[in-house]
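Visitor: Handing over work_8.pdb, PDB, C-alpha atoms, pLDDT in the B column.
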ATOM      1  CA  LEU A   1       0.000   0.000   0.000  1.00 78.00           C
ATOM      2  CA  SER A   2       2.788   2.429   0.808  1.00 79.00           C
ATOM      3  CA  ARG A   3       4.252   1.863  -2.691  1.00 85.00           C
ATOM      4  CA  LEU A   4       0.912   2.782  -4.280  1.00 85.00           C
ATOM      5  CA  LEU A   5       0.448   5.860  -2.094  1.00 81.00           C
ATOM      6  CA  ALA A   6       3.772   7.596  -2.578  1.00 79.00           C
ATOM      7  CA  HIS A   7       2.734  10.854  -0.891  1.00 80.00           C
ATOM      8  CA  SER A   8       1.036   9.216   2.071  1.00 82.00           C
ATOM      9  CA  LEU A   9       2.183   7.799   5.372  1.00 79.00           C
ATOM     10  CA  VAL A  10       0.940   4.221   5.725  1.00 82.00           C
ATOM     11  CA  LEU A  11       1.036   2.761   9.214  1.00 79.00           C
ATOM     12  CA  HIS A  12       0.528  -0.883  10.074  1.00 81.00           C
ATOM     13  CA  GLY A  13      -0.098  -1.144  13.768  1.00 77.00           C
ATOM     14  CA  ASP A  14      -2.487  -0.450  16.590  1.00 82.00           C
ATOM     15  CA  GLY A  15      -4.464   2.627  15.605  1.00 82.00           C
ATOM     16  CA  THR A  16      -5.825   2.883  19.130  1.00 85.00           C
ATOM     17  CA  ASP A  17      -2.387   3.384  20.689  1.00 86.00           C
ATOM     18  CA  VAL A  18      -2.280   7.123  21.379  1.00 87.00           C
ATOM     19  CA  ARG A  19       1.500   7.088  21.872  1.00 87.00           C
ATOM     20  CA  THR A  20       2.020   5.644  18.383  1.00 84.00           C
ATOM     21  CA  LEU A  21      -0.382   8.179  16.903  1.00 84.00           C
ATOM     22  CA  LEU A  22       1.474  11.065  18.544  1.00 87.00           C
ATOM     23  CA  GLU A  23       4.909   9.709  17.533  1.00 87.00           C
ATOM     24  CA  GLU A  24       3.756   9.502  13.914  1.00 85.00           C
ATOM     25  CA  GLY A  25       2.569  13.121  13.953  1.00 88.00           C
ATOM     26  CA  ILE A  26      -1.180  12.548  13.866  1.00 87.00           C
ATOM     27  CA  ALA A  27      -1.839  16.225  14.675  1.00 89.00           C
ATOM     28  CA  ASP A  28      -0.276  17.230  11.354  1.00 89.00           C
ATOM     29  CA  MET A  29      -2.246  14.759   9.220  1.00 88.00           C
ATOM     30  CA  ASP A  30      -4.687  16.114   6.645  1.00 89.00           C
ATOM     31  CA  ALA A  31      -6.652  12.865   6.713  1.00 89.00           C
ATOM     32  CA  VAL A  32      -6.591   9.542   8.505  1.00 89.00           C
ATOM     33  CA  ILE A  33      -8.296   6.450   7.133  1.00 89.00           C
ATOM     34  CA  THR A  34      -8.798   3.467   9.430  1.00 89.00           C
ATOM     35  CA  VAL A  35      -9.170   0.154   7.592  1.00 88.00           C
ATOM     36  CA  THR A  36      -8.898  -2.857   9.870  1.00 88.00           C
ATOM     37  CA  ASP A  37     -11.196  -5.891   9.702  1.00 87.00           C
ATOM     38  CA  ASP A  38     -12.924  -4.745  12.899  1.00 90.00           C
ATOM     39  CA  GLU A  39     -15.471  -1.916  12.667  1.00 89.00           C
ATOM     40  CA  ALA A  40     -15.244  -1.037  16.344  1.00 90.00           C
ATOM     41  CA  THR A  41     -11.481  -0.643  16.048  1.00 91.00           C
ATOM     42  CA  ASN A  42     -11.902   1.521  12.935  1.00 91.00           C
ATOM     43  CA  ILE A  43     -14.389   3.790  14.702  1.00 92.00           C
ATOM     44  CA  LEU A  44     -12.283   4.060  17.851  1.00 91.00           C
ATOM     45  CA  ALA A  45      -9.047   4.686  15.917  1.00 91.00           C
ATOM     46  CA  ALA A  46     -10.757   7.376  13.813  1.00 92.00           C
ATOM     47  CA  LEU A  47     -12.099   9.070  16.931  1.00 92.00           C
ATOM     48  CA  LEU A  48      -8.681   8.981  18.597  1.00 92.00           C
ATOM     49  CA  ALA A  49      -7.031  10.409  15.473  1.00 92.00           C
ATOM     50  CA  LYS A  50      -9.582  13.230  15.373  1.00 92.00           C
ATOM     51  CA  GLU A  51      -9.135  13.904  19.097  1.00 91.00           C
ATOM     52  CA  GLN A  52      -5.347  14.082  18.620  1.00 90.00           C
ATOM     53  CA  GLY A  53      -5.649  16.678  15.838  1.00 91.00           C
ATOM     54  CA  ALA A  54      -6.158  14.925  12.491  1.00 91.00           C
ATOM     55  CA  LYS A  55      -8.132  17.276  10.252  1.00 92.00           C
ATOM     56  CA  LYS A  56     -10.363  14.629   8.598  1.00 92.00           C
ATOM     57  CA  VAL A  57     -11.000  11.023   9.582  1.00 91.00           C
ATOM     58  CA  MET A  58     -12.582   8.159   7.644  1.00 90.00           C
ATOM     59  CA  ALA A  59     -13.432   4.667   8.829  1.00 90.00           C
ATOM     60  CA  LEU A  60     -14.118   1.388   7.036  1.00 88.00           C
ATOM     61  CA  ILE A  61     -17.627   0.297   8.046  1.00 86.00           C
ATOM     62  CA  LYS A  62     -19.093  -2.949   6.714  1.00 84.00           C
ATOM     63  CA  ARG A  63     -22.591  -2.641   8.192  1.00 82.00           C
ATOM     64  CA  PRO A  64     -24.533   0.116   6.374  1.00 73.00           C
ATOM     65  CA  HIS A  65     -26.997   0.571   9.237  1.00 74.00           C
ATOM     66  CA  LEU A  66     -24.141   2.097  11.279  1.00 79.00           C
ATOM     67  CA  LEU A  67     -23.313   4.792   8.737  1.00 75.00           C
ATOM     68  CA  HIS A  68     -25.839   7.323  10.032  1.00 75.00           C
ATOM     69  CA  LEU A  69     -24.121   7.299  13.446  1.00 80.00           C
ATOM     70  CA  LEU A  70     -20.709   8.420  12.219  1.00 81.00           C
ATOM     71  CA  PRO A  71     -21.387  12.154  11.711  1.00 80.00           C
ATOM     72  CA  HIS A  72     -22.756  12.328  15.267  1.00 83.00           C
ATOM     73  CA  LEU A  73     -19.510  10.829  16.525  1.00 87.00           C
ATOM     74  CA  GLY A  74     -17.315  13.302  14.636  1.00 87.00           C
ATOM     75  CA  ILE A  75     -16.162  10.923  11.896  1.00 89.00           C
ATOM     76  CA  ASP A  76     -16.063  12.817   8.590  1.00 88.00           C
ATOM     77  CA  ALA A  77     -16.646   9.964   6.141  1.00 83.00           C
ATOM     78  CA  ALA A  78     -17.163   6.234   5.919  1.00 81.00           C
ATOM     79  CA  ILE A  79     -15.983   3.652   3.443  1.00 80.00           C
ATOM     80  CA  SER A  80     -18.588   0.935   2.989  1.00 76.00           C
ATOM     81  CA  PRO A  81     -17.713  -2.057   0.777  1.00 73.00           C
ATOM     82  CA  ARG A  82     -21.412  -2.895   0.365  1.00 67.00           C
ATOM     83  CA  ILE A  83     -22.342   0.578  -0.800  1.00 64.00           C
ATOM     84  CA  LEU A  84     -19.285   0.792  -3.067  1.00 63.00           C
ATOM     85  CA  THR A  85     -20.231  -2.549  -4.632  1.00 61.00           C
ATOM     86  CA  ALA A  86     -23.852  -1.488  -5.055  1.00 58.00           C
ATOM     87  CA  ASN A  87     -22.734   1.744  -6.707  1.00 57.00           C
ATOM     88  CA  VAL A  88     -20.513  -0.136  -9.169  1.00 57.00           C
ATOM     89  CA  ILE A  89     -23.455  -2.372 -10.071  1.00 54.00           C
ATOM     90  CA  LEU A  90     -25.764   0.650 -10.433  1.00 54.00           C
ATOM     91  CA  LYS A  91     -23.198   2.284 -12.695  1.00 53.00           C
ATOM     92  CA  PHE A  92     -23.513  -0.613 -15.138  1.00 51.00           C
ATOM     93  CA  VAL A  93     -27.306  -0.792 -14.842  1.00 50.00           C
ATOM     94  CA  ARG A  94     -27.775   2.910 -15.566  1.00 50.00           C
ATOM     95  CA  LYS A  95     -27.922   4.014 -19.183  1.00 49.00           C
ATOM     96  CA  GLY A  96     -25.740   6.702 -20.718  1.00 48.00           C
ATOM     97  CA  ARG A  97     -22.177   7.496 -19.735  1.00 52.00           C
ATOM     98  CA  VAL A  98     -22.433   7.469 -15.955  1.00 52.00           C
ATOM     99  CA  LEU A  99     -18.998   7.854 -14.372  1.00 50.00           C
ATOM    100  CA  SER A 100     -20.078   7.375 -10.778  1.00 51.00           C
ATOM    101  CA  ILE A 101     -23.105   7.110  -8.547  1.00 51.00           C
ATOM    102  CA  PHE A 102     -23.420   7.921  -4.889  1.00 54.00           C
ATOM    103  CA  GLU A 103     -26.548   7.074  -2.932  1.00 54.00           C
ATOM    104  CA  ILE A 104     -27.205   9.439  -0.089  1.00 55.00           C
ATOM    105  CA  PRO A 105     -27.902   7.415   3.079  1.00 56.00           C
ATOM    106  CA  GLU A 106     -31.426   7.836   4.454  1.00 57.00           C
ATOM    107  CA  SER A 107     -32.516   9.673   1.302  1.00 60.00           C
ATOM    108  CA  ASP A 108     -34.135   8.652  -1.953  1.00 71.00           C
ATOM    109  CA  ALA A 109     -31.822  10.941  -3.923  1.00 75.00           C
ATOM    110  CA  GLU A 110     -28.753   9.801  -5.821  1.00 78.00           C
ATOM    111  CA  THR A 111     -25.788  11.838  -6.944  1.00 80.00           C
ATOM    112  CA  LEU A 112     -24.728  10.936 -10.476  1.00 81.00           C
ATOM    113  CA  GLU A 113     -21.660  12.016 -12.415  1.00 83.00           C
ATOM    114  CA  LEU A 114     -22.550  11.965 -16.109  1.00 86.00           C
ATOM    115  CA  VAL A 115     -20.674  12.741 -19.307  1.00 87.00           C
ATOM    116  CA  VAL A 116     -22.301  14.839 -22.008  1.00 91.00           C
ATOM    117  CA  SER A 117     -21.850  12.792 -25.173  1.00 89.00           C
ATOM    118  CA  PRO A 118     -21.730  14.650 -28.503  1.00 92.00           C
ATOM    119  CA  THR A 119     -25.004  12.964 -29.544  1.00 92.00           C
ATOM    120  CA  SER A 120     -26.897  13.432 -26.277  1.00 92.00           C
ATOM    121  CA  LYS A 121     -30.043  15.554 -26.204  1.00 94.00           C
ATOM    122  CA  VAL A 122     -28.450  18.034 -23.774  1.00 95.00           C
ATOM    123  CA  ALA A 123     -25.259  18.627 -25.782  1.00 95.00           C
ATOM    124  CA  GLY A 124     -24.851  22.282 -26.686  1.00 95.00           C
ATOM    125  CA  LYS A 125     -27.904  23.393 -24.704  1.00 96.00           C
ATOM    126  CA  ARG A 126     -28.216  25.762 -21.788  1.00 96.00           C
ATOM    127  CA  ILE A 127     -29.223  24.019 -18.571  1.00 95.00           C
ATOM    128  CA  ARG A 128     -32.551  25.878 -18.474  1.00 95.00           C
ATOM    129  CA  GLU A 129     -33.304  24.652 -22.023  1.00 95.00           C
ATOM    130  CA  ALA A 130     -32.065  21.070 -21.575  1.00 94.00           C
ATOM    131  CA  GLY A 131     -35.431  19.624 -20.537  1.00 94.00           C
ATOM    132  CA  LEU A 132     -34.274  18.473 -17.117  1.00 94.00           C
ATOM    133  CA  PRO A 133     -37.187  17.072 -15.118  1.00 93.00           C
ATOM    134  CA  ALA A 134     -38.431  18.157 -11.712  1.00 92.00           C
ATOM    135  CA  GLY A 135     -36.446  16.429  -8.985  1.00 90.00           C
ATOM    136  CA  VAL A 136     -33.044  17.174 -10.566  1.00 92.00           C
ATOM    137  CA  ILE A 137     -30.467  19.698  -9.430  1.00 90.00           C
ATOM    138  CA  VAL A 138     -27.289  20.298 -11.413  1.00 92.00           C
ATOM    139  CA  GLY A 139     -24.622  20.762  -8.773  1.00 89.00           C
ATOM    140  CA  ALA A 140     -21.485  21.219 -10.884  1.00 89.00           C
ATOM    141  CA  VAL A 141     -20.175  21.090 -14.418  1.00 92.00           C
ATOM    142  CA  VAL A 142     -16.568  20.238 -15.198  1.00 90.00           C
ATOM    143  CA  HIS A 143     -15.716  21.891 -18.509  1.00 92.00           C
ATOM    144  CA  GLN A 144     -12.209  21.312 -19.923  1.00 90.00           C
ATOM    145  CA  GLY A 145     -10.884  20.561 -16.433  1.00 86.00           C
ATOM    146  CA  GLU A 146     -12.435  23.670 -14.861  1.00 88.00           C
ATOM    147  CA  ILE A 147     -15.210  23.347 -12.295  1.00 86.00           C
ATOM    148  CA  VAL A 148     -18.131  25.602 -13.124  1.00 88.00           C
ATOM    149  CA  VAL A 149     -20.867  26.475 -10.651  1.00 89.00           C
ATOM    150  CA  PRO A 150     -23.835  26.021 -12.967  1.00 92.00           C
ATOM    151  CA  ARG A 151     -26.568  28.518 -13.676  1.00 92.00           C
ATOM    152  CA  GLY A 152     -29.475  28.344 -16.058  1.00 93.00           C
ATOM    153  CA  GLU A 153     -27.321  29.946 -18.768  1.00 95.00           C
ATOM    154  CA  THR A 154     -24.491  27.378 -18.446  1.00 95.00           C
ATOM    155  CA  ILE A 155     -24.065  25.451 -21.690  1.00 95.00           C
ATOM    156  CA  LEU A 156     -23.586  21.683 -21.460  1.00 96.00           C
ATOM    157  CA  ALA A 157     -20.803  21.012 -23.967  1.00 95.00           C
ATOM    158  CA  PRO A 158     -19.810  17.577 -25.285  1.00 94.00           C
ATOM    159  CA  GLN A 159     -17.336  15.825 -22.945  1.00 91.00           C
ATOM    160  CA  ASP A 160     -18.388  17.927 -19.943  1.00 92.00           C
ATOM    161  CA  ASP A 161     -18.785  16.020 -16.695  1.00 89.00           C
ATOM    162  CA  VAL A 162     -22.036  16.966 -14.991  1.00 90.00           C
ATOM    163  CA  ILE A 163     -22.830  16.246 -11.337  1.00 87.00           C
ATOM    164  CA  VAL A 164     -26.557  15.980 -10.661  1.00 88.00           C
ATOM    165  CA  LEU A 165     -28.626  15.246  -7.588  1.00 86.00           C
ATOM    166  CA  ALA A 166     -31.731  13.343  -8.684  1.00 87.00           C
ATOM    167  CA  LEU A 167     -34.784  11.740  -7.169  1.00 87.00           C
ATOM    168  CA  PRO A 168     -35.509   8.181  -8.368  1.00 84.00           C
ATOM    169  CA  GLN A 169     -38.408   9.130 -10.655  1.00 90.00           C
ATOM    170  CA  ALA A 170     -36.181  11.610 -12.525  1.00 90.00           C
ATOM    171  CA  ILE A 171     -33.272   9.214 -13.139  1.00 86.00           C
ATOM    172  CA  PRO A 172     -34.700   7.433 -16.233  1.00 87.00           C
ATOM    173  CA  ILE A 173     -35.323  10.830 -17.863  1.00 91.00           C
ATOM    174  CA  ILE A 174     -31.779  11.990 -17.016  1.00 89.00           C
ATOM    175  CA  GLU A 175     -30.397   8.766 -18.490  1.00 85.00           C
ATOM    176  CA  ARG A 176     -32.259   9.351 -21.758  1.00 88.00           C
ATOM    177  CA  LEU A 177     -31.181  12.998 -21.966  1.00 92.00           C
ATOM    178  CA  PHE A 178     -27.494  12.153 -21.472  1.00 88.00           C
ATOM    179  CA  ALA A 179     -27.446   8.864 -23.469  1.00 82.00           C
TER     180      ALA A 179
END
Please lay out the structure from this file as structure tokens.

Guide:
Amino acid sequence: LSRLLAHSLVLHGDGTDVRTLLEEGIADMDAVITVTDDEATNILAALLAKEQGAKKVMALIKRPHLLHLLPHLGIDAAISPRILTANVILKFVRKGRVLSIFEIPESDAETLELVVSPTSKVAGKRIREAGLPAGVIVGAVVHQGEIVVPRGETILAPQDDVIVLALPQAIPIIERLFA
């Protein structure tokens, strides 16, 4: 792992040992990710890292029903193998060029990252003229590597990446518009 993450410090040890955390400079860490096979250890290690000064902490959580607890505990993000797997499957089930999907826990909405294909119905149109259904919010457009905060006048150009928040009933329409 340390070979793959050249600009990261990878520790293999007891993440609940405060002395080790302090010796490794936990207070100066931008982010700490805890990924043991034990969820309780991951949660505890993330909380200790946060308490000792880590700016952001993430924990590997295998049981999705625990995810809603993490923000209340002060854990910034969770990695869930089940949700990641479900999102990969959804990516292949969805039509059009969907780059990624993120389901929002305890919400019906999904966040989709779509690519505007040259032949899609939205290509070359302003957002307000693209025929987007109710239940869809365009959150960002990445145009030629630049992130654009979208407005109604923003033109969806071929090869743009578009991040949308959509309710389930709007997703089939979005798929058709971007396909």

Visitor: With all atoms listed in the file as the atoms that count, which of A:Ala166, A:Ala54, A:Leu156, A:Ala78 lies nearest to Pro118 of chain A?

Guide: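 When distances to Pro118 of chain A are compared using all atoms listed in the file, the smallest one comes from A:Leu156.
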
Visitor: Go ahead and compute the interatomic distance for atom CA of Ile173 of chain A and atom CA of Glu146 of chain A, in Å to one decimal.

Guide: 26.4 Å

Visitor: Please, which residues are within 9 Å of (-18.4, 22.3, -17.2) by the file's coordinates, counting all atoms listed in the file, and could they come as a ChimeraX atom specification?

Guide: /A:140-150,154-157,159-162

Visitor: Selected by the PyMOL selection byres ((chain A and resi 34) around 9) in the shown coordinates: which residues, as an MDAnalysis selection string?

Guide: chainID A and resid 15 32:33 35:36 41:43 45:46 57:60

Visitor: I want to know what sits within 10 Å of Glu24 of chain A, based on all atoms listed in the file, with residues of the same chain fewer than 6 positions away left out; could you give that as a ChimeraX atom specification?

Guide: /A:9,11,18

Visitor: Start from the incomplete input, build all heavy atoms for segment 161-172 of chain A, and deliver everything as a CSV table (one decimal), in the coordinates of the input.

Guide:
chain,number,residue,atom,x,y,z
A,161,ASP,N,-18.3,16.9,-17.8
A,161,ASP,CA,-18.8,16.0,-16.7
A,161,ASP,C,-19.8,16.9,-15.9
A,161,ASP,O,-19.6,18.0,-15.6
A,161,ASP,CB,-17.7,15.6,-15.7
A,161,ASP,CG,-16.7,14.7,-16.3
A,161,ASP,OD1,-17.0,14.1,-17.4
A,161,ASP,OD2,-15.6,14.5,-15.8
A,162,VAL,N,-21.0,16.3,-15.7
A,162,VAL,CA,-22.0,17.0,-15.0
A,162,VAL,C,-22.4,16.2,-13.7
A,162,VAL,O,-22.7,15.0,-13.8
A,162,VAL,CB,-23.3,17.1,-15.9
A,162,VAL,CG1,-24.4,17.9,-15.2
A,162,VAL,CG2,-22.9,17.8,-17.2
A,163,ILE,N,-22.4,16.9,-12.6
A,163,ILE,CA,-22.8,16.2,-11.3
A,163,ILE,C,-24.3,16.7,-11.1
A,163,ILE,O,-24.6,17.9,-11.0
A,163,ILE,CB,-21.9,16.7,-10.2
A,163,ILE,CG1,-20.5,16.6,-10.5
A,163,ILE,CG2,-22.3,16.0,-8.9
A,163,ILE,CD1,-19.9,15.2,-10.7
A,164,VAL,N,-25.2,15.7,-10.9
A,164,VAL,CA,-26.6,16.0,-10.7
A,164,VAL,C,-27.0,15.2,-9.4
A,164,VAL,O,-26.5,14.2,-9.1
A,164,VAL,CB,-27.5,15.6,-11.8
A,164,VAL,CG1,-27.1,16.4,-13.1
A,164,VAL,CG2,-27.5,14.2,-12.1
A,165,LEU,N,-27.9,15.9,-8.7
A,165,LEU,CA,-28.6,15.2,-7.6
A,165,LEU,C,-30.0,15.0,-8.1
A,165,LEU,O,-30.7,15.9,-8.6
A,165,LEU,CB,-28.7,16.2,-6.4
A,165,LEU,CG,-29.3,15.7,-5.1
A,165,LEU,CD1,-28.5,14.5,-4.5
A,165,LEU,CD2,-29.4,16.8,-4.1
A,166,ALA,N,-30.5,13.7,-8.1
A,166,ALA,CA,-31.7,13.3,-8.7
A,166,ALA,C,-32.5,12.4,-7.8
A,166,ALA,O,-32.0,11.5,-7.2
A,166,ALA,CB,-31.5,12.7,-10.0
A,167,LEU,N,-33.8,12.7,-7.8
A,167,LEU,CA,-34.8,11.7,-7.2
A,167,LEU,C,-35.0,10.6,-8.1
A,167,LEU,O,-34.9,10.7,-9.3
A,167,LEU,CB,-36.1,12.5,-6.9
A,167,LEU,CG,-36.0,13.6,-5.8
A,167,LEU,CD1,-37.3,14.3,-5.7
A,167,LEU,CD2,-35.6,13.0,-4.5
A,168,PRO,N,-35.4,9.4,-7.6
A,168,PRO,CA,-35.5,8.2,-8.4
A,168,PRO,C,-36.4,8.3,-9.6
A,168,PRO,O,-36.0,7.8,-10.7
A,168,PRO,CB,-36.1,7.2,-7.4
A,168,PRO,CG,-35.7,7.6,-6.1
A,168,PRO,CD,-35.7,9.1,-6.1
A,169,GLN,N,-37.5,9.0,-9.5
A,169,GLN,CA,-38.4,9.1,-10.7
A,169,GLN,C,-37.8,10.0,-11.8
A,169,GLN,O,-38.2,9.8,-12.9
A,169,GLN,CB,-39.8,9.7,-10.2
A,169,GLN,CG,-39.7,11.1,-9.7
A,169,GLN,CD,-39.5,11.2,-8.2
A,169,GLN,OE1,-39.0,10.3,-7.6
A,169,GLN,NE2,-39.8,12.4,-7.6
A,170,ALA,N,-36.8,10.8,-11.5
A,170,ALA,CA,-36.2,11.6,-12.5
A,170,ALA,C,-35.0,10.9,-13.2
A,170,ALA,O,-34.6,11.3,-14.3
A,170,ALA,CB,-35.7,12.9,-11.9
A,171,ILE,N,-34.5,9.9,-12.6
A,171,ILE,CA,-33.3,9.2,-13.1
A,171,ILE,C,-33.5,8.6,-14.5
A,171,ILE,O,-32.6,8.9,-15.4
A,171,ILE,CB,-32.7,8.2,-12.1
A,171,ILE,CG1,-32.2,8.9,-10.9
A,171,ILE,CG2,-31.6,7.3,-12.8
A,171,ILE,CD1,-31.8,8.0,-9.8
A,172,PRO,N,-34.5,7.9,-14.9
A,172,PRO,CA,-34.7,7.4,-16.2
A,172,PRO,C,-34.7,8.6,-17.3
A,172,PRO,O,-34.2,8.4,-18.4
A,172,PRO,CB,-36.0,6.7,-16.2
A,172,PRO,CG,-36.3,6.3,-14.8
A,172,PRO,CD,-35.6,7.4,-14.0
